[in-house]
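Next comes final_12.pdb, a file with PDB, C-alpha atoms.
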```pdb
ATOM      1  CA  MET K   1     -76.749  16.288 -21.161
ATOM      2  CA  ALA K   2     -74.052  15.387 -23.691
ATOM      3  CA  TYR K   3     -73.685  17.367 -26.846
ATOM      4  CA  LYS K   4     -72.459  15.870 -30.077
ATOM      5  CA  ARG K   5     -70.475  18.186 -32.357
ATOM      6  CA  THR K   6     -71.507  18.227 -35.951
ATOM      7  CA  TYR K   7     -69.224  18.216 -38.997
ATOM      8  CA  ASP K   8     -70.139  21.841 -39.661
ATOM      9  CA  GLU K   9     -68.577  23.027 -36.451
ATOM     10  CA  TYR K  10     -65.016  21.920 -37.352
ATOM     11  CA  ASP K  11     -63.127  21.281 -40.548
ATOM     12  CA  GLY K  12     -63.564  17.580 -39.942
ATOM     13  CA  TRP K  13     -63.562  14.839 -37.387
ATOM     14  CA  ASP K  14     -60.616  14.291 -35.116
ATOM     15  CA  GLU K  15     -57.943  11.833 -36.268
ATOM     16  CA  ASP K  16     -59.594   8.910 -34.522
ATOM     17  CA  GLU K  17     -62.910   9.750 -36.159
ATOM     18  CA  GLU K  18     -64.624  10.057 -32.773
ATOM     19  CA  PHE K  19     -67.015  12.648 -31.489
ATOM     20  CA  TYR K  20     -66.080  14.824 -28.563
ATOM     21  CA  GLU K  21     -68.555  14.982 -25.753
ATOM     22  CA  GLU K  22     -68.843  18.014 -23.579
ATOM     23  CA  GLU K  23     -71.507  19.446 -21.369
ATOM     24  CA  TYR K  24     -74.171  21.299 -23.211
ATOM     25  CA  GLN K  25     -74.598  24.826 -21.943
ATOM     26  CA  PRO K  26     -77.580  26.464 -23.590
ATOM     27  CA  ARG K  27     -77.162  30.203 -23.800
ATOM     28  CA  ARG K  28     -79.833  32.706 -23.240
ATOM     29  CA  ARG K  29     -81.569  33.981 -26.324
ATOM     30  CA  ALA K  30     -83.457  37.155 -26.916
ATOM     31  CA  SER K  31     -87.203  36.804 -26.891
ATOM     32  CA  VAL K  32     -88.937  36.460 -30.219
ATOM     33  CA  PRO K  33     -92.316  37.905 -30.900
ATOM     34  CA  ALA K  34     -95.061  35.426 -30.765
ATOM     35  CA  GLY K  35     -95.937  33.860 -34.028
ATOM     36  CA  ARG K  36     -92.463  34.369 -35.538
ATOM     37  CA  ALA K  37     -90.312  31.309 -36.098
ATOM     38  CA  ARG K  38     -87.042  31.364 -34.296
ATOM     39  CA  ARG K  39     -84.006  30.924 -36.502
ATOM     40  CA  PRO K  40     -81.856  28.135 -35.180
ATOM     41  CA  GLU K  41     -78.416  29.327 -34.072
ATOM     42  CA  ARG K  42     -75.407  27.303 -35.064
ATOM     43  CA  ARG K  43     -72.711  26.974 -32.498
ATOM     44  CA  ARG K  44     -69.270  27.879 -33.904
ATOM     45  CA  GLY K  45     -66.089  26.156 -33.007
ATOM     46  CA  PRO K  46     -62.894  27.973 -32.034
ATOM     47  CA  HIS K  47     -61.384  30.166 -34.743
ATOM     48  CA  ARG K  48     -58.334  28.660 -36.451
ATOM     49  CA  MET K  49     -55.679  30.454 -38.433
ATOM     50  CA  PRO K  50     -54.797  28.707 -41.657
ATOM     51  CA  GLY K  51     -51.512  26.781 -41.202
ATOM     52  CA  LEU K  52     -48.548  26.218 -43.514
ATOM     53  CA  GLY K  53     -48.357  22.860 -45.229
ATOM     54  CA  ARG K  54     -45.305  20.656 -44.905
ATOM     55  CA  SER K  55     -44.221  21.345 -48.457
ATOM     56  CA  ALA K  56     -44.280  25.073 -47.847
ATOM     57  CA  VAL K  57     -42.112  24.733 -44.723
ATOM     58  CA  ALA K  58     -39.574  22.564 -46.582
ATOM     59  CA  ALA K  59     -39.382  25.052 -49.439
ATOM     60  CA  ALA K  60     -38.751  27.881 -46.988
ATOM     61  CA  LEU K  61     -35.907  25.993 -45.302
ATOM     62  CA  VAL K  62     -34.249  25.216 -48.625
ATOM     63  CA  THR K  63     -34.428  28.860 -49.622
ATOM     64  CA  VAL K  64     -32.834  30.002 -46.357
ATOM     65  CA  PHE K  65     -30.045  27.413 -46.684
ATOM     66  CA  ALA K  66     -29.255  28.410 -50.276
ATOM     67  CA  LEU K  67     -29.192  32.070 -49.299
ATOM     68  CA  GLY K  68     -26.726  31.267 -46.512
ATOM     69  CA  LEU K  69     -24.380  29.494 -48.948
ATOM     70  CA  CYS K  70     -24.396  32.440 -51.302
ATOM     71  CA  ILE K  71     -23.586  34.858 -48.493
ATOM     72  CA  GLY K  72     -20.776  32.567 -47.295
ATOM     73  CA  ARG K  73     -19.154  32.431 -50.726
ATOM     74  CA  LEU K  74     -19.273  36.174 -51.046
ATOM     75  CA  ALA K  75     -17.470  36.436 -47.719
ATOM     76  CA  LEU K  76     -14.530  34.185 -48.820
ATOM     77  CA  PRO K  77     -11.244  35.935 -49.650
ATOM     78  CA  LYS K  78     -10.452  36.169 -53.348
ATOM     79  CA  ASN K  79      -7.401  33.927 -53.057
ATOM     80  CA  ALA K  80      -9.276  31.084 -51.370
ATOM     81  CA  VAL K  81      -8.973  27.896 -53.441
ATOM     82  CA  THR K  82     -11.153  24.828 -53.203
ATOM     83  CA  PRO K  83      -9.301  21.588 -53.946
ATOM     84  CA  ASN K  84     -10.408  19.750 -57.071
ATOM     85  CA  ALA K  85     -12.256  16.508 -56.774
ATOM     86  CA  GLY K  86      -9.921  13.652 -55.956
ATOM     87  CA  GLN K  87      -7.221  15.941 -54.561
ATOM     88  CA  SER K  88      -6.429  16.315 -50.899
ATOM     89  CA  ASP K  89      -6.056  19.656 -49.189
ATOM     90  CA  GLN K  90      -2.322  19.765 -48.602
ATOM     91  CA  SER K  91      -2.579  22.279 -45.793
ATOM     92  CA  THR K  92      -4.325  19.685 -43.624
ATOM     93  CA  ASP K  93      -1.645  17.029 -44.005
ATOM     94  CA  GLN K  94       0.313  16.819 -40.763
ATOM     95  CA  SER K  95       2.663  14.062 -41.822
ATOM     96  CA  GLY K  96       5.463  16.267 -43.074
ATOM     97  CA  GLY K  97       7.405  18.059 -45.784
ATOM     98  CA  ALA K  98       5.847  18.188 -49.216
ATOM     99  CA  ALA K  99       2.259  18.018 -48.043
ATOM    100  CA  ALA K 100       2.583  20.153 -44.946
ATOM    101  CA  ASP K 101       4.103  23.440 -46.018
ATOM    102  CA  GLY K 102       3.805  23.584 -49.804
ATOM    103  CA  ALA K 103       7.335  24.959 -50.313
ATOM    104  CA  GLN K 104       8.223  25.334 -53.975
ATOM    105  CA  THR K 105      11.746  26.706 -54.393
ATOM    106  CA  GLY K 106      14.909  24.959 -53.304
ATOM    107  CA  GLU K 107      15.603  27.643 -50.726
ATOM    108  CA  GLU K 108      12.111  27.265 -49.248
ATOM    109  CA  LYS K 109      12.497  23.497 -49.034
ATOM    110  CA  LEU K 110      15.909  23.749 -47.412
ATOM    111  CA  ALA K 111      14.642  26.307 -44.891
ATOM    112  CA  TYR K 112      11.715  24.054 -44.035
ATOM    113  CA  ILE K 113      14.001  21.039 -43.519
ATOM    114  CA  GLN K 114      16.304  22.935 -41.182
ATOM    115  CA  ARG K 115      13.374  24.432 -39.273
ATOM    116  CA  GLU K 116      11.402  21.209 -38.755
ATOM    117  CA  THR K 117      13.946  19.365 -36.628
ATOM    118  CA  THR K 118      11.342  16.991 -35.218
ATOM    119  CA  LYS K 119      10.453  15.720 -38.696
ATOM    120  CA  TYR K 120      13.952  15.367 -40.150
ATOM    121  CA  PRO K 121      16.744  13.345 -38.467
ATOM    122  CA  GLN K 122      20.006  15.182 -38.022
ATOM    123  CA  ALA K 123      21.757  12.818 -40.446
ATOM    124  CA  LEU K 124      19.373  13.859 -43.232
ATOM    125  CA  ARG K 125      19.761  17.553 -42.449
ATOM    126  CA  GLU K 126      23.513  17.138 -42.681
ATOM    127  CA  LEU K 127      23.191  15.129 -45.895
ATOM    128  CA  VAL K 128      21.333  17.870 -47.736
ATOM    129  CA  GLN K 129      23.758  20.500 -46.481
ATOM    130  CA  LYS K 130      26.706  18.563 -47.892
ATOM    131  CA  ASN K 131      24.974  17.414 -51.057
ATOM    132  CA  PRO K 132      22.217  19.704 -52.434
ATOM    133  CA  GLU K 133      21.393  17.039 -55.028
ATOM    134  CA  THR K 134      19.617  15.125 -52.271
ATOM    135  CA  LEU K 135      17.201  17.991 -51.541
ATOM    136  CA  ASP K 136      14.015  16.355 -52.807
ATOM    137  CA  PHE K 137      14.918  13.024 -51.233
ATOM    138  CA  VAL K 138      15.363  14.651 -47.834
ATOM    139  CA  TYR K 139      12.376  16.964 -48.225
ATOM    140  CA  ASP K 140      10.046  14.040 -49.005
ATOM    141  CA  TYR K 141      11.204  12.005 -46.015
ATOM    142  CA  PRO K 142       8.293  12.696 -43.605
ATOM    143  CA  VAL K 143       5.715  11.675 -46.211
ATOM    144  CA  ASN K 144       7.432   8.890 -48.164
ATOM    145  CA  SER K 145       9.732   7.229 -45.647
ATOM    146  CA  THR K 146       7.034   4.771 -44.546
ATOM    147  CA  LEU K 147       6.227   3.673 -48.096
ATOM    148  CA  THR K 148       7.649   0.523 -49.679
ATOM    149  CA  PRO K 149       7.324   1.049 -53.434
ATOM    150  CA  GLU K 150       7.900  -1.759 -55.856
ATOM    151  CA  ILE K 151      11.449  -2.007 -57.165
ATOM    152  CA  ASP K 152      11.612  -3.019 -60.809
ATOM    153  CA  LEU K 153      15.080  -2.787 -62.380
ATOM    154  CA  SER K 154      14.402  -5.014 -65.360
ATOM    155  CA  ALA K 155      15.226  -2.188 -67.787
ATOM    156  CA  GLU K 156      18.541  -1.502 -66.052
ATOM    157  CA  ALA K 157      19.395  -5.202 -65.963
ATOM    158  CA  SER K 158      18.845  -5.588 -69.704
ATOM    159  CA  GLY K 159      20.833  -2.499 -70.688
ATOM    160  CA  THR K 160      24.094  -2.404 -72.583
ATOM    161  CA  SER K 161      25.927  -0.171 -70.118
ATOM    162  CA  VAL K 162      26.405   0.008 -66.379
ATOM    163  CA  PRO K 163      23.285   1.699 -64.984
ATOM    164  CA  LEU K 164      23.633   4.659 -62.650
ATOM    165  CA  LEU K 165      21.737   3.956 -59.429
ATOM    166  CA  LEU K 166      21.529   6.442 -56.591
ATOM    167  CA  GLN K 167      21.679   5.326 -52.988
ATOM    168  CA  TRP K 168      19.100   8.019 -52.160
ATOM    169  CA  ASP K 169      16.597   6.818 -54.731
ATOM    170  CA  GLU K 170      13.244   6.911 -52.882
ATOM    171  CA  ARG K 171      12.475   3.341 -53.885
ATOM    172  CA  TRP K 172      15.080   2.111 -51.413
ATOM    173  CA  GLY K 173      16.860   5.128 -49.927
ATOM    174  CA  TYR K 174      14.612   5.411 -46.863
ATOM    175  CA  ARG K 175      15.131   1.801 -45.838
ATOM    176  CA  SER K 176      17.460   1.034 -42.988
ATOM    177  CA  TYR K 177      21.020  -0.135 -43.429
ATOM    178  CA  GLY K 178      23.478  -0.418 -40.598
ATOM    179  CA  SER K 179      23.292   2.603 -38.330
ATOM    180  CA  GLY K 180      21.229   4.694 -40.725
ATOM    181  CA  LEU K 181      19.471   4.614 -44.081
ATOM    182  CA  ILE K 182      20.626   3.346 -47.450
ATOM    183  CA  GLY K 183      20.294   6.950 -48.609
ATOM    184  CA  TYR K 184      23.413   7.989 -46.725
ATOM    185  CA  THR K 185      25.126   4.748 -45.650
ATOM    186  CA  GLY K 186      24.470   2.462 -48.637
ATOM    187  CA  CYS K 187      27.022   3.493 -51.248
ATOM    188  CA  GLY K 188      28.722   0.065 -51.099
ATOM    189  CA  PRO K 189      25.607  -2.063 -51.716
ATOM    190  CA  THR K 190      24.426   0.385 -54.386
ATOM    191  CA  CYS K 191      27.732   0.110 -56.276
ATOM    192  CA  LEU K 192      27.683  -3.683 -56.098
ATOM    193  CA  SER K 193      24.080  -3.626 -57.318
ATOM    194  CA  MET K 194      25.054  -1.602 -60.387
ATOM    195  CA  VAL K 195      27.827  -4.053 -61.238
ATOM    196  CA  ALA K 196      25.654  -7.142 -60.645
ATOM    197  CA  LEU K 197      22.789  -5.823 -62.773
ATOM    198  CA  TYR K 198      25.125  -5.126 -65.677
ATOM    199  CA  LEU K 199      27.219  -8.298 -65.552
ATOM    200  CA  THR K 200      24.521 -10.849 -64.658
ATOM    201  CA  GLY K 201      21.350  -9.283 -66.050
ATOM    202  CA  ASP K 202      19.479 -10.297 -62.894
ATOM    203  CA  ALA K 203      16.967  -7.580 -62.001
ATOM    204  CA  ASP K 204      16.570  -8.953 -58.471
ATOM    205  CA  TYR K 205      19.949  -7.561 -57.438
ATOM    206  CA  ASP K 206      18.674  -4.142 -56.458
ATOM    207  CA  PRO K 207      20.393  -1.985 -53.791
ATOM    208  CA  TYR K 208      17.925  -2.941 -51.074
ATOM    209  CA  THR K 209      18.468  -6.660 -51.694
ATOM    210  CA  VAL K 210      22.239  -6.229 -51.613
ATOM    211  CA  ALA K 211      22.052  -4.086 -48.467
ATOM    212  CA  ARG K 212      19.936  -6.646 -46.633
ATOM    213  CA  TYR K 213      22.394  -9.383 -47.527
ATOM    214  CA  ALA K 214      25.416  -7.289 -46.550
ATOM    215  CA  GLU K 215      23.972  -6.404 -43.163
ATOM    216  CA  GLY K 216      22.819  -9.948 -42.510
ATOM    217  CA  GLN K 217      26.293 -11.318 -43.247
ATOM    218  CA  GLY K 218      28.042  -8.784 -41.052
ATOM    219  CA  TYR K 219      29.546  -6.752 -43.873
ATOM    220  CA  TYR K 220      28.413  -3.509 -42.297
ATOM    221  CA  VAL K 221      30.736  -2.114 -39.628
ATOM    222  CA  ASP K 222      29.335   0.464 -37.214
ATOM    223  CA  GLY K 223      31.206   3.704 -37.477
ATOM    224  CA  SER K 224      32.948   2.666 -40.699
ATOM    225  CA  GLY K 225      30.291   1.589 -43.178
ATOM    226  CA  THR K 226      30.454  -1.282 -45.644
ATOM    227  CA  ALA K 227      33.467  -3.545 -45.182
ATOM    228  CA  TRP K 228      35.742  -4.386 -48.088
ATOM    229  CA  GLU K 229      34.838  -8.069 -47.608
ATOM    230  CA  LEU K 230      31.532  -7.415 -49.388
ATOM    231  CA  MET K 231      33.573  -6.701 -52.524
ATOM    232  CA  THR K 232      36.005  -9.591 -52.142
ATOM    233  CA  SER K 233      33.849 -12.485 -50.914
ATOM    234  CA  GLY K 234      30.285 -11.226 -50.513
ATOM    235  CA  CYS K 235      29.989 -10.538 -54.243
ATOM    236  CA  ALA K 236      29.872 -14.304 -54.939
ATOM    237  CA  HIS K 237      26.304 -14.358 -53.593
ATOM    238  CA  PHE K 238      25.321 -12.233 -56.590
ATOM    239  CA  GLY K 239      27.047 -14.314 -59.236
ATOM    240  CA  LEU K 240      30.257 -12.283 -59.355
ATOM    241  CA  GLU K 241      33.971 -12.788 -58.903
ATOM    242  CA  SER K 242      36.419 -10.043 -58.074
ATOM    243  CA  GLU K 243      40.129  -9.437 -57.750
ATOM    244  CA  GLU K 244      42.158  -6.575 -56.404
ATOM    245  CA  ILE K 245      44.248  -4.694 -58.926
ATOM    246  CA  GLY K 246      47.067  -2.260 -58.411
ATOM    247  CA  LEU K 247      46.744   1.483 -58.517
ATOM    248  CA  SER K 248      47.885   1.983 -62.081
ATOM    249  CA  GLU K 249      46.168   3.745 -64.952
ATOM    250  CA  ASP K 250      47.294   1.061 -67.378
ATOM    251  CA  ALA K 251      46.026  -1.781 -65.182
ATOM    252  CA  MET K 252      42.708  -0.033 -64.624
ATOM    253  CA  ALA K 253      42.291   0.748 -68.331
ATOM    254  CA  GLN K 254      43.142  -2.828 -69.335
ATOM    255  CA  ALA K 255      40.598  -4.344 -66.934
ATOM    256  CA  LEU K 256      37.887  -2.110 -68.371
ATOM    257  CA  ALA K 257      38.951  -3.015 -71.908
ATOM    258  CA  ASP K 258      38.594  -6.705 -70.988
ATOM    259  CA  GLY K 259      34.933  -6.149 -70.105
ATOM    260  CA  GLU K 260      35.345  -5.950 -66.342
ATOM    261  CA  VAL K 261      33.857  -3.261 -64.143
ATOM    262  CA  LEU K 262      35.782  -1.559 -61.333
ATOM    263  CA  ILE K 263      34.665  -0.525 -57.871
ATOM    264  CA  CYS K 264      36.910   1.892 -56.019
ATOM    265  CA  SER K 265      37.023   2.624 -52.313
ATOM    266  CA  MET K 266      37.559   6.363 -52.039
ATOM    267  CA  GLY K 267      39.034   8.497 -49.290
ATOM    268  CA  PRO K 268      38.546  12.205 -48.569
ATOM    269  CA  GLY K 269      38.539  14.470 -51.591
ATOM    270  CA  ASP K 270      36.090  15.191 -54.390
ATOM    271  CA  PHE K 271      33.647  12.434 -53.396
ATOM    272  CA  THR K 272      33.587  12.281 -49.611
ATOM    273  CA  ASP K 273      34.841  13.669 -46.335
ATOM    274  CA  GLY K 274      35.348  10.158 -44.977
ATOM    275  CA  GLY K 275      34.799   7.025 -47.050
ATOM    276  CA  HIS K 276      32.851   6.265 -50.213
ATOM    277  CA  TYR K 277      32.504   3.769 -53.075
ATOM    278  CA  ILE K 278      32.240   4.597 -56.774
ATOM    279  CA  VAL K 279      32.095   2.513 -59.965
ATOM    280  CA  LEU K 280      34.478   3.016 -62.885
ATOM    281  CA  THR K 281      32.762   2.059 -66.131
ATOM    282  CA  GLY K 282      35.073   3.045 -68.956
ATOM    283  CA  HIS K 283      38.311   4.703 -70.046
ATOM    284  CA  SER K 284      39.305   7.017 -72.860
ATOM    285  CA  ASP K 285      42.068   9.489 -73.620
ATOM    286  CA  ALA K 286      40.128  12.064 -71.609
ATOM    287  CA  GLY K 287      40.014   9.887 -68.500
ATOM    288  CA  PHE K 288      37.609   7.564 -66.678
ATOM    289  CA  SER K 289      33.823   7.516 -66.782
ATOM    290  CA  ILE K 290      32.213   6.786 -63.422
ATOM    291  CA  CYS K 291      28.939   6.066 -61.672
ATOM    292  CA  ASP K 292      28.835   7.815 -58.326
ATOM    293  CA  PRO K 293      25.827   6.555 -56.305
ATOM    294  CA  ASN K 294      25.724   9.872 -54.457
ATOM    295  CA  SER K 295      25.863  12.329 -57.356
ATOM    296  CA  PRO K 296      24.465  12.438 -60.886
ATOM    297  CA  LYS K 297      26.538  15.570 -61.515
ATOM    298  CA  ARG K 298      29.852  13.926 -60.701
ATOM    299  CA  SER K 299      28.753  10.866 -62.661
ATOM    300  CA  ALA K 300      28.361  13.007 -65.761
ATOM    301  CA  GLN K 301      31.994  14.170 -65.618
ATOM    302  CA  THR K 302      35.114  12.509 -66.959
ATOM    303  CA  TRP K 303      37.857  12.063 -64.373
ATOM    304  CA  THR K 304      41.578  11.941 -65.104
ATOM    305  CA  TYR K 305      43.788   9.405 -63.427
ATOM    306  CA  ASP K 306      45.817  12.172 -61.826
ATOM    307  CA  ARG K 307      42.648  13.562 -60.235
ATOM    308  CA  LEU K 308      41.609  10.187 -58.888
ATOM    309  CA  LYS K 309      44.797   8.440 -57.844
ATOM    310  CA  ASP K 310      45.366  10.200 -54.526
ATOM    311  CA  GLN K 311      41.785   9.558 -53.465
ATOM    312  CA  ILE K 312      41.649   5.848 -54.278
ATOM    313  CA  ARG K 313      42.215   3.455 -51.365
ATOM    314  CA  ASN K 314      41.556   0.194 -53.145
ATOM    315  CA  ILE K 315      40.260  -1.168 -56.454
ATOM    316  CA  TRP K 316      38.413  -4.378 -57.352
ATOM    317  CA  ALA K 317      37.793  -5.643 -60.860
ATOM    318  CA  PHE K 318      34.552  -7.636 -61.284
ATOM    319  CA  HIS K 319      33.427 -10.180 -63.830
ATOM    320  CA  LYS K 320      30.584 -12.679 -63.988
ATOM    321  CA  ALA K 321      31.294 -15.924 -62.147
TER
END
```
Taking this structure as input, can you express it in the form of structure tokens?
Amino acid sequence: MAYKRTYDEYDGWDEDEEFYEEEYQPRRRASVPAGRARRPERRRGPHRMPGLGRSAVAAALVTVFALGLCIGRLALPKNAVTPNAGQSDQSTDQSGGAAADGAQTGEEKLAYIQRETTKYPQALRELVQKNPETLDFVYDYPVNSTLTPEIDLSAEASGTSVPLLLQWDERWGYRSYGSGLIGYTGCGPTCLSMVALYLTGDADYDPYTVARYAEGQGYYVDGSGTAWELMTSGCAHFGLESEEIGLSEDAMAQALADGEVLICSMGPGDFTDGGHYIVLTGHSDAGFSICDPNSPKRSAQTWTYDRLKDQIRNIWAFHKA
């Protein structure tokens, strides 16, 4: 016969609210004296251990996780630093210099540049050896060379003096020119840019714009650099006229007094081992003031005619067309 379990035998019905049916197996009972009522025996279901509720299990897991975090923090070395929110962990940057090794001093940066030959072209390693002023420009190359920042020279174009621009300014110094980068081959376009900004007031005549024009017109000569033709005829594209003047202190001083600006092609000496361009901006009894696109330090000095004359190859005087 089938036996229907009662509610008393379990904590409740099964999930489908159905009865289980199983074969009824009556067990043998001890005899009861006649005349005495037999007490009905209730069949008991299997014994169940009380289980943990879901909330209790979740609380236990959270406690274990929190305890693990605490132990992990205690195990960190004292000098371990967690980056602040919004900052990247520099040690994980594989792109190069500033982000990769965290060098701070000039000596550390220079050592890193010379060690990481796969990240720094030989021309840049030579540049920083010859001119320590370019250290940060060279050091930042692996990270910043692919960037194209906005170039805004409106302040320089509206100034009352010839602005000093550096060919290795990171806004344009990493961009290609000729056989290399403006940072070490673009002294000519950078000098013409300085003159054009001052004389025309046009902020669009930045070094990168001048370099692109010069290269496109064939004014860059492989192995030599920027041709003199950029100064004689190419300058007209930027609203300028130029004329060659003789190597004479009086002639140079008079051109500057007339409001013109001079660009000099320089040979080996104080400014270069090969060829270089600089801008002469003024003259006084002490000598000439200059803008050297490769050196703020030299640009801050006053140069006598006697110091310059044996290094000058040619001179052009510029005025607005």
Size and centre in Å, one decimal, axis-aligned box, all listed segment 259-268 of chain K atoms plus 4 Å per side, as JSON:
```
{"center_x": 36.4, "center_y": 3.0, "center_z": -59.3, "size_x": 13.2, "size_y": 26.4, "size_z": 29.5}
```
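The smallest atom-to-atom distance between Leu308 of chain K and any of K:Leu247, K:Ala255, K:Cys187, K:Val162, using all atoms listed in the file, is found for K:Leu247.
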For Tyr219 of chain K, please output as a ChimeraX atom specification all residues within 7 Å (counting only C-alpha atoms; exclusion window: fewer than 3 positions along the same chain).
-> /K:214-215,226-227,229-230
Nearest to Gln122 of chain K by atom-to-atom distance, counting only C-alpha atoms, from K:Gly225, K:Thr105, K:Ile245, K:Gly180 = K:Gly180
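Distance annotation: of K:Gly186, K:Gly239, K:Gly259, K:Pro296, the residue with the minimal separation from Ala321 of chain K is K:Gly239; atom set is all atoms listed in the file.
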Using only C-alpha atoms, which of K:Ala211, K:Val138, K:Ala155, K:Leu256 sits nearest Thr185 of chain K?
-> K:Ala211
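When atom CA of Leu280 of chain K is paired with atom CA of Glu156 of chain K, their separation reads 16.9 Å.
Atom CA of Pro207 of chain K is found 24.8 Å from atom CA of Trp303 of chain K.
Shortest atom-to-atom contact with Ile278 of chain K among K:Ala317, K:Met266, K:Val261, K:Leu181: K:Met266, counting all atoms listed in the file.
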Which residue of K:Tyr177, K:Trp316, K:Trp172, K:Tyr141 approaches Glu244 of chain K most closely, using all atoms listed in the file | K:Trp316
Between atom CA of Glu260 of chain K and atom CA of Thr281 of chain K, distance in Å (one decimal) | 8.4 Å
Taking the file as shown, find all residues satisfying the PyMOL selection byres ((chain K and resi 262) around 12) and write them as a VMD selection string.
-> chain K and resid 162 191 to 192 194 to 196 199 231 241 to 247 251 to 261 263 to 265 277 to 283 288 to 291 312 314 to 319
If the PyMOL selection byres ((chain K and resi 206) around 9) is run on the structure shown, which residues does it catch, given as an MDAnalysis selection string?
-> chainID K and resid 151:153 172 189:190 193:194 196:197 202:205 207:211
So which residues fall inside 10 Å of (23.6, 14.0, -55.0) if we count all atoms listed in the file? Mind giving them as a PyMOL selection string?
-> chain K and resi 127-128+130-135+137+166-168+292-299
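The residues returned by the PyMOL selection byres ((chain K and resi 307) around 12) for this structure are Glu249, Gly269, Asp270, Phe271, Ala286, Gly287, Phe288, Gln301, Thr302, Trp303, Thr304, Tyr305, Asp306, Leu308, Lys309, Asp310, Gln311 and Ile312 of chain K.
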Kindly provide, as a PDB file with C-alpha atoms, keeping the file's coordinate frame, the polymer residues lying within 12 Å of (30.5, 8.5, -34.3), counting all atoms listed in the file and using the coordinates exactly as they appear in the file.
```pdb
ATOM      1  CA  ALA K 123      21.757  12.818 -40.446  1.00  0.00           C
ATOM      2  CA  SER K 179      23.292   2.603 -38.330  1.00  0.00           C
ATOM      3  CA  GLY K 180      21.229   4.694 -40.725  1.00  0.00           C
ATOM      4  CA  VAL K 221      30.736  -2.114 -39.628  1.00  0.00           C
ATOM      5  CA  ASP K 222      29.335   0.464 -37.214  1.00  0.00           C
ATOM      6  CA  GLY K 223      31.206   3.704 -37.477  1.00  0.00           C
ATOM      7  CA  SER K 224      32.948   2.666 -40.699  1.00  0.00           C
ATOM      8  CA  GLY K 225      30.291   1.589 -43.178  1.00  0.00           C
ATOM      9  CA  GLY K 274      35.348  10.158 -44.977  1.00  0.00           C
TER      10      GLY K 274
END
```
